[in-house]
$ cat data.cif   # mmCIF, C-alpha atoms
data_target
loop_
_atom_site.group_PDB
_atom_site.id
_atom_site.type_symbol
_atom_site.label_atom_id
_atom_site.label_comp_id
_atom_site.auth_asym_id
_atom_site.auth_seq_id
_atom_site.Cartn_x
_atom_site.Cartn_y
_atom_site.Cartn_z
ATOM 1 C CA MET E 1 0.000 0.000 0.000
ATOM 2 C CA THR E 2 2.778 2.338 0.931
ATOM 3 C CA GLU E 3 4.735 1.434 -2.207
ATOM 4 C CA GLN E 4 1.783 2.263 -4.467
ATOM 5 C CA ALA E 5 1.328 5.593 -2.763
ATOM 6 C CA ASN E 6 4.978 6.444 -3.358
ATOM 7 C CA LYS E 7 4.661 5.688 -7.050
ATOM 8 C CA ASP E 8 1.604 7.887 -7.401
ATOM 9 C CA SER E 9 3.331 10.750 -5.608
ATOM 10 C CA GLN E 10 6.386 10.480 -7.832
ATOM 11 C CA LYS E 11 4.245 10.580 -10.988
ATOM 12 C CA ILE E 12 2.443 13.688 -9.795
ATOM 13 C CA ASN E 13 5.774 15.410 -9.063
ATOM 14 C CA GLU E 14 7.058 14.659 -12.574
ATOM 15 C CA GLU E 15 3.956 16.137 -14.159
ATOM 16 C CA VAL E 16 4.286 19.275 -12.028
ATOM 17 C CA GLU E 17 7.954 19.665 -13.041
ATOM 18 C CA MET E 18 7.094 19.374 -16.697
ATOM 19 C CA GLU E 19 4.435 22.048 -16.375
ATOM 20 C CA THR E 20 6.754 24.405 -14.514
ATOM 21 C CA ASP E 21 9.858 23.826 -16.735
ATOM 22 C CA PRO E 22 10.642 27.246 -18.464
ATOM 23 C CA GLN E 23 12.380 25.576 -21.428
ATOM 24 C CA THR E 24 9.308 23.523 -22.181
ATOM 25 C CA GLN E 25 7.035 26.563 -21.863
ATOM 26 C CA ALA E 26 9.295 28.742 -24.091
ATOM 27 C CA ALA E 27 9.592 26.146 -26.791
ATOM 28 C CA GLU E 28 5.930 25.635 -27.354
ATOM 29 C CA PRO E 29 4.809 29.247 -27.774
ATOM 30 C CA GLY E 30 8.041 30.108 -29.655
ATOM 31 C CA GLU E 31 7.329 27.682 -32.401
ATOM 32 C CA GLY E 32 3.844 29.094 -32.910
ATOM 33 C CA ALA E 33 5.164 32.697 -32.985
ATOM 34 C CA GLU E 34 7.706 31.780 -35.641
ATOM 35 C CA GLU E 35 4.959 30.299 -37.750
ATOM 36 C CA ASP E 36 2.676 33.358 -37.173
ATOM 37 C CA ARG E 37 5.369 35.956 -38.028
ATOM 38 C CA ALA E 38 6.418 34.400 -41.340
ATOM 39 C CA PRO E 39 3.129 35.138 -43.200
ATOM 40 C CA ASP E 40 3.034 38.681 -41.711
ATOM 41 C CA GLN E 41 6.535 39.443 -43.033
ATOM 42 C CA ASN E 42 5.608 38.192 -46.507
ATOM 43 C CA ASP E 43 2.503 40.390 -46.521
ATOM 44 C CA ASP E 44 4.528 43.446 -45.458
ATOM 45 C CA GLN E 45 7.059 42.823 -48.245
ATOM 46 C CA ARG E 46 4.312 42.560 -50.842
ATOM 47 C CA ASP E 47 2.678 45.759 -49.555
ATOM 48 C CA ARG E 48 5.994 47.613 -49.803
ATOM 49 C CA GLU E 49 6.559 46.400 -53.347
ATOM 50 C CA VAL E 50 3.062 47.462 -54.398
ATOM 51 C CA LEU E 51 3.557 50.883 -52.758
ATOM 52 C CA VAL E 52 6.941 51.431 -54.438
ATOM 53 C CA LYS E 53 5.491 50.456 -57.809
ATOM 54 C CA LYS E 54 2.534 52.818 -57.331
ATOM 55 C CA ILE E 55 4.837 55.683 -56.333
ATOM 56 C CA ALA E 56 7.012 55.060 -59.414
ATOM 57 C CA GLU E 57 3.927 55.086 -61.671
ATOM 58 C CA GLN E 58 2.623 58.316 -60.132
ATOM 59 C CA THR E 59 6.082 59.937 -60.408
ATOM 60 C CA ALA E 60 6.269 59.013 -64.098
ATOM 61 C CA GLU E 61 2.760 60.380 -64.630
ATOM 62 C CA ILE E 62 3.685 63.662 -62.902
ATOM 63 C CA GLU E 63 6.811 64.037 -65.051
ATOM 64 C CA ALA E 64 4.762 63.393 -68.192
ATOM 65 C CA LEU E 65 2.224 66.041 -67.136
ATOM 66 C CA LYS E 66 5.024 68.532 -66.406
ATOM 67 C CA LYS E 67 6.539 67.928 -69.831
ATOM 68 C CA LYS E 68 3.164 68.372 -71.513
ATOM 69 C CA ASN E 69 2.532 71.551 -69.523
ATOM 70 C CA ASP E 70 5.929 72.957 -70.569
ATOM 71 C CA GLU E 71 5.169 72.169 -74.211
ATOM 72 C CA LEU E 72 1.775 73.886 -73.978
ATOM 73 C CA ASN E 73 3.325 76.955 -72.316
ATOM 74 C CA SER E 74 6.021 77.119 -74.991
ATOM 75 C CA ARG E 75 3.428 76.807 -77.736
ATOM 76 C CA MET E 76 1.283 79.494 -76.121
ATOM 77 C CA LEU E 77 4.259 81.878 -75.881
ATOM 78 C CA ARG E 78 5.143 81.298 -79.533
ATOM 79 C CA THR E 79 1.542 81.884 -80.573
ATOM 80 C CA GLN E 80 1.375 85.071 -78.527
ATOM 81 C CA ALA E 81 4.675 86.281 -79.998
ATOM 82 C CA ASP E 82 3.411 85.561 -83.521
ATOM 83 C CA PHE E 83 0.196 87.447 -82.767
ATOM 84 C CA ASP E 84 2.122 90.433 -81.359
ATOM 85 C CA ASN E 85 4.320 90.520 -84.461
ATOM 86 C CA PHE E 86 1.244 90.295 -86.679
ATOM 87 C CA ARG E 87 -0.456 93.114 -84.747
ATOM 88 C CA LYS E 88 2.645 95.322 -84.948
ATOM 89 C CA ARG E 89 3.038 94.603 -88.658
ATOM 90 C CA THR E 90 -0.635 95.335 -89.277
ATOM 91 C CA ASN E 91 -0.468 98.587 -87.314
ATOM 92 C CA LYS E 92 2.658 99.622 -89.229
ATOM 93 C CA GLU E 93 0.974 98.847 -92.525
ATOM 94 C CA LYS E 94 -2.042 100.919 -91.511
ATOM 95 C CA THR E 95 0.192 103.777 -90.382
ATOM 96 C CA ASP E 96 2.233 103.622 -93.581
ATOM 97 C CA SER E 97 -0.959 103.470 -95.593
ATOM 98 C CA ARG E 98 -2.191 106.678 -93.950
ATOM 99 C CA LYS E 99 1.211 108.378 -94.245
ATOM 100 C CA PHE E 100 1.833 107.457 -97.874
ATOM 101 C CA ARG E 101 -1.699 107.267 -99.251
ATOM 102 C CA ALA E 102 -1.062 110.434 -101.286
ATOM 103 C CA GLN E 103 2.338 109.359 -102.643
ATOM 104 C CA ASP E 104 1.142 108.890 -106.229
ATOM 105 C CA LEU E 105 -0.717 112.187 -106.171
ATOM 106 C CA VAL E 106 2.249 113.984 -104.622
ATOM 107 C CA SER E 107 4.590 112.560 -107.266
ATOM 108 C CA ASP E 108 2.326 114.017 -109.965
ATOM 109 C CA MET E 109 2.088 117.332 -108.131
ATOM 110 C CA LEU E 110 5.881 117.603 -107.993
ATOM 111 C CA GLU E 111 5.978 117.869 -111.778
ATOM 112 C CA ILE E 112 3.544 120.790 -111.605
ATOM 113 C CA LEU E 113 5.698 122.328 -108.876
ATOM 114 C CA ASP E 114 8.759 122.010 -111.125
ATOM 115 C CA ASN E 115 6.941 123.764 -113.976
ATOM 116 C CA PHE E 116 5.927 126.650 -111.727
ATOM 117 C CA GLN E 117 9.505 127.049 -110.482
ATOM 118 C CA ARG E 118 10.909 127.003 -114.028
ATOM 119 C CA ALA E 119 8.365 129.578 -115.154
ATOM 120 C CA LEU E 120 9.168 131.872 -112.230
ATOM 121 C CA ALA E 121 12.889 131.581 -112.981
ATOM 122 C CA VAL E 122 12.344 133.335 -116.329
ATOM 123 C CA GLU E 123 13.123 137.078 -116.141
ATOM 124 C CA THR E 124 10.419 139.454 -117.281
ATOM 125 C CA THR E 125 10.362 143.242 -117.414
ATOM 126 C CA SER E 126 6.893 143.940 -118.768
ATOM 127 C CA GLU E 127 4.073 144.986 -116.482
ATOM 128 C CA ASP E 128 1.866 142.137 -117.661
ATOM 129 C CA GLY E 129 4.685 139.699 -117.113
ATOM 130 C CA GLN E 130 5.244 140.962 -113.584
ATOM 131 C CA SER E 131 1.548 140.647 -112.773
ATOM 132 C CA LEU E 132 1.450 137.126 -114.159
ATOM 133 C CA LYS E 133 4.540 136.245 -112.175
ATOM 134 C CA LYS E 134 2.993 137.478 -108.927
ATOM 135 C CA GLY E 135 -0.115 135.409 -109.585
ATOM 136 C CA MET E 136 2.013 132.317 -110.231
ATOM 137 C CA GLU E 137 3.989 132.947 -107.023
ATOM 138 C CA MET E 138 0.734 132.993 -105.043
ATOM 139 C CA VAL E 139 -0.401 129.702 -106.625
ATOM 140 C CA LEU E 140 3.020 128.168 -106.034
ATOM 141 C CA SER E 141 2.956 129.232 -102.362
ATOM 142 C CA LYS E 142 -0.450 127.610 -101.810
ATOM 143 C CA LEU E 143 0.686 124.456 -103.599
ATOM 144 C CA GLU E 144 3.800 124.232 -101.412
ATOM 145 C CA ASP E 145 1.689 124.734 -98.251
ATOM 146 C CA ALA E 146 -0.689 121.942 -99.310
ATOM 147 C CA LEU E 147 2.239 119.578 -99.942
ATOM 148 C CA LYS E 148 3.796 120.417 -96.571
ATOM 149 C CA LYS E 149 0.541 119.519 -94.822
ATOM 150 C CA GLU E 150 0.782 116.076 -96.432
ATOM 151 C CA GLY E 151 4.324 115.688 -95.046
ATOM 152 C CA VAL E 152 6.284 116.692 -98.169
ATOM 153 C CA GLU E 153 9.678 118.329 -97.548
ATOM 154 C CA GLU E 154 12.422 119.411 -99.899
ATOM 155 C CA ILE E 155 15.745 117.603 -99.473
ATOM 156 C CA PRO E 156 18.583 119.987 -98.474
ATOM 157 C CA SER E 157 21.190 119.619 -101.204
ATOM 158 C CA LEU E 158 23.153 122.738 -102.191
ATOM 159 C CA ASN E 159 26.620 122.860 -100.575
ATOM 160 C CA GLN E 160 25.855 119.613 -98.755
ATOM 161 C CA PRO E 161 28.039 116.489 -98.904
ATOM 162 C CA PHE E 162 26.825 114.122 -101.591
ATOM 163 C CA ASP E 163 24.540 111.445 -100.128
ATOM 164 C CA PRO E 164 23.595 108.599 -102.484
ATOM 165 C CA ASN E 165 20.510 107.927 -100.374
ATOM 166 C CA VAL E 166 18.929 111.277 -101.280
ATOM 167 C CA HIS E 167 21.023 112.603 -104.181
ATOM 168 C CA GLN E 168 21.365 111.518 -107.780
ATOM 169 C CA ALA E 169 24.629 112.799 -109.288
ATOM 170 C CA VAL E 170 24.203 113.514 -113.002
ATOM 171 C CA MET E 171 27.241 115.759 -113.451
ATOM 172 C CA GLN E 172 30.692 116.184 -111.926
ATOM 173 C CA GLU E 173 32.882 119.244 -112.127
ATOM 174 C CA GLU E 174 36.175 120.486 -110.731
ATOM 175 C CA SER E 175 35.707 123.238 -108.135
ATOM 176 C CA ALA E 176 38.382 125.133 -106.267
ATOM 177 C CA GLU E 177 35.789 126.566 -103.891
ATOM 178 C CA HIS E 178 34.353 123.248 -102.713
ATOM 179 C CA GLU E 179 35.692 120.063 -101.271
ATOM 180 C CA SER E 180 35.464 116.911 -103.346
ATOM 181 C CA GLY E 181 32.058 115.255 -103.156
ATOM 182 C CA THR E 182 30.116 118.449 -102.432
ATOM 183 C CA VAL E 183 26.863 119.326 -104.192
ATOM 184 C CA ILE E 184 27.611 122.526 -106.095
ATOM 185 C CA GLN E 185 24.381 122.802 -108.100
ATOM 186 C CA VAL E 186 20.840 121.460 -107.816
ATOM 187 C CA LEU E 187 19.403 120.615 -111.212
ATOM 188 C CA GLN E 188 16.123 119.275 -109.857
ATOM 189 C CA ALA E 189 14.947 119.469 -106.260
ATOM 190 C CA GLY E 190 14.396 116.234 -104.358
ATOM 191 C CA TYR E 191 11.577 115.564 -101.876
ATOM 192 C CA THR E 192 10.615 113.262 -99.038
ATOM 193 C CA LEU E 193 7.121 112.254 -97.934
ATOM 194 C CA ASN E 194 6.953 111.691 -94.166
ATOM 195 C CA GLY E 195 10.628 110.791 -94.152
ATOM 196 C CA ARG E 196 10.520 108.528 -97.224
ATOM 197 C CA VAL E 197 12.403 109.650 -100.314
ATOM 198 C CA ILE E 198 9.895 109.902 -103.150
ATOM 199 C CA ARG E 199 12.287 111.670 -105.498
ATOM 200 C CA PRO E 200 16.057 112.102 -105.090
ATOM 201 C CA ALA E 201 17.597 115.433 -105.939
ATOM 202 C CA MET E 202 19.416 115.626 -109.278
ATOM 203 C CA VAL E 203 22.690 117.379 -108.571
ATOM 204 C CA LYS E 204 26.110 118.388 -109.863
ATOM 205 C CA VAL E 205 28.965 117.283 -107.617
ATOM 206 C CA SER E 206 32.480 118.665 -107.246
ATOM 207 C CA ALA E 207 35.242 116.318 -108.334
#

$ encode --input "data.cif" --output "structure tokens"
Amino acid sequence: MTEQANKDSQKINEEVEMETDPQTQAAEPGEGAEEDRAPDQNDDQRDREVLVKKIAEQTAEIEALKKKNDELNSRMLRTQADFDNFRKRTNKEKTDSRKFRAQDLVSDMLEILDNFQRALAVETTSEDGQSLKKGMEMVLSKLEDALKKEGVEEIPSLNQPFDPNVHQAVMQEESAEHESGTVIQVLQAGYTLNGRVIRPAMVKVSA
């Protein structure tokens, strides 16, 4: 009886030791934790990869939008510059059209002006001739005033250095009184219309 009781007591003590053994307790939950953490780590890795891929796609999309925006801005600036140039050119054409609308008429009037000046250059001593000359001077004065209002100006030529932009040399002559290349005689007056040469002056130049 006593021997059986000792065996039972020893068995109970062994079971208690197994339950209280820290190595046994650590092993069992440890194995489960290892198994639980492995799937979590795989999920985290996949989530990171998906996030990195999404960020890369969004970055590429942003860069593409920036490039497209730059192209649109550049195109808009070019279009605006073209429009500004067109507007300036159109305004200049309108201004020139207003300034030079009478150019053909003025060119014809210059021939009449020349005839008046030639007629007045003729010397006359008779009373009738003097009266006629005064009348022609009055007409010539009014004609010159009308041309000036349109922007017509005579080109300064006599005793001026020869300028091929406004002078047309038709004769050349030695002159001790003038430097070489000086206009010494105006054969036909030249004129500008609002700064544009409509007829160069025909001149004689010193050699």

$ closest_residue --input "data.cif" --among "E:Ala169, E:Val186, E:Leu120, E:Leu51" --to "Met136 (chain E)" --atoms "all atoms listed in the file"
E:Leu120

$ closest_residue --input "data.cif" --among "E:Glu63, E:Glu144, E:Asp70, E:Glu127" --to "Val106 (chain E)" --atoms "only C-alpha atoms"
E:Glu144

$ resolve_selection --input "data.cif" --expression "the PyMOL selection byres ((chain E and resi 154-164) around 12)" --output "PyMOL selection string"
chain E and resi 110+113+144+147-148+151-153+165-172+175+177-207

$ atom_distance --input "data.cif" --atom1 "CA of Leu105 (chain E)" --atom2 "CA of Glu150 (chain E)"
10.6 Å

$ atom_distance --input "data.cif" --atom1 "CA of Glu137 (chain E)" --atom2 "CA of Arg118 (chain E)"
11.5 Å

$ atom_distance --input "data.cif" --atom1 "CA of Lys88 (chain E)" --atom2 "CA of Ser107 (chain E)"
28.3 Å

$ resolve_selection --input "data.cif" --expression "the PyMOL selection byres ((chain E and resi 116) around 12)" --output "number ranges by chain"
E: 109-115, 117-122, 132-144
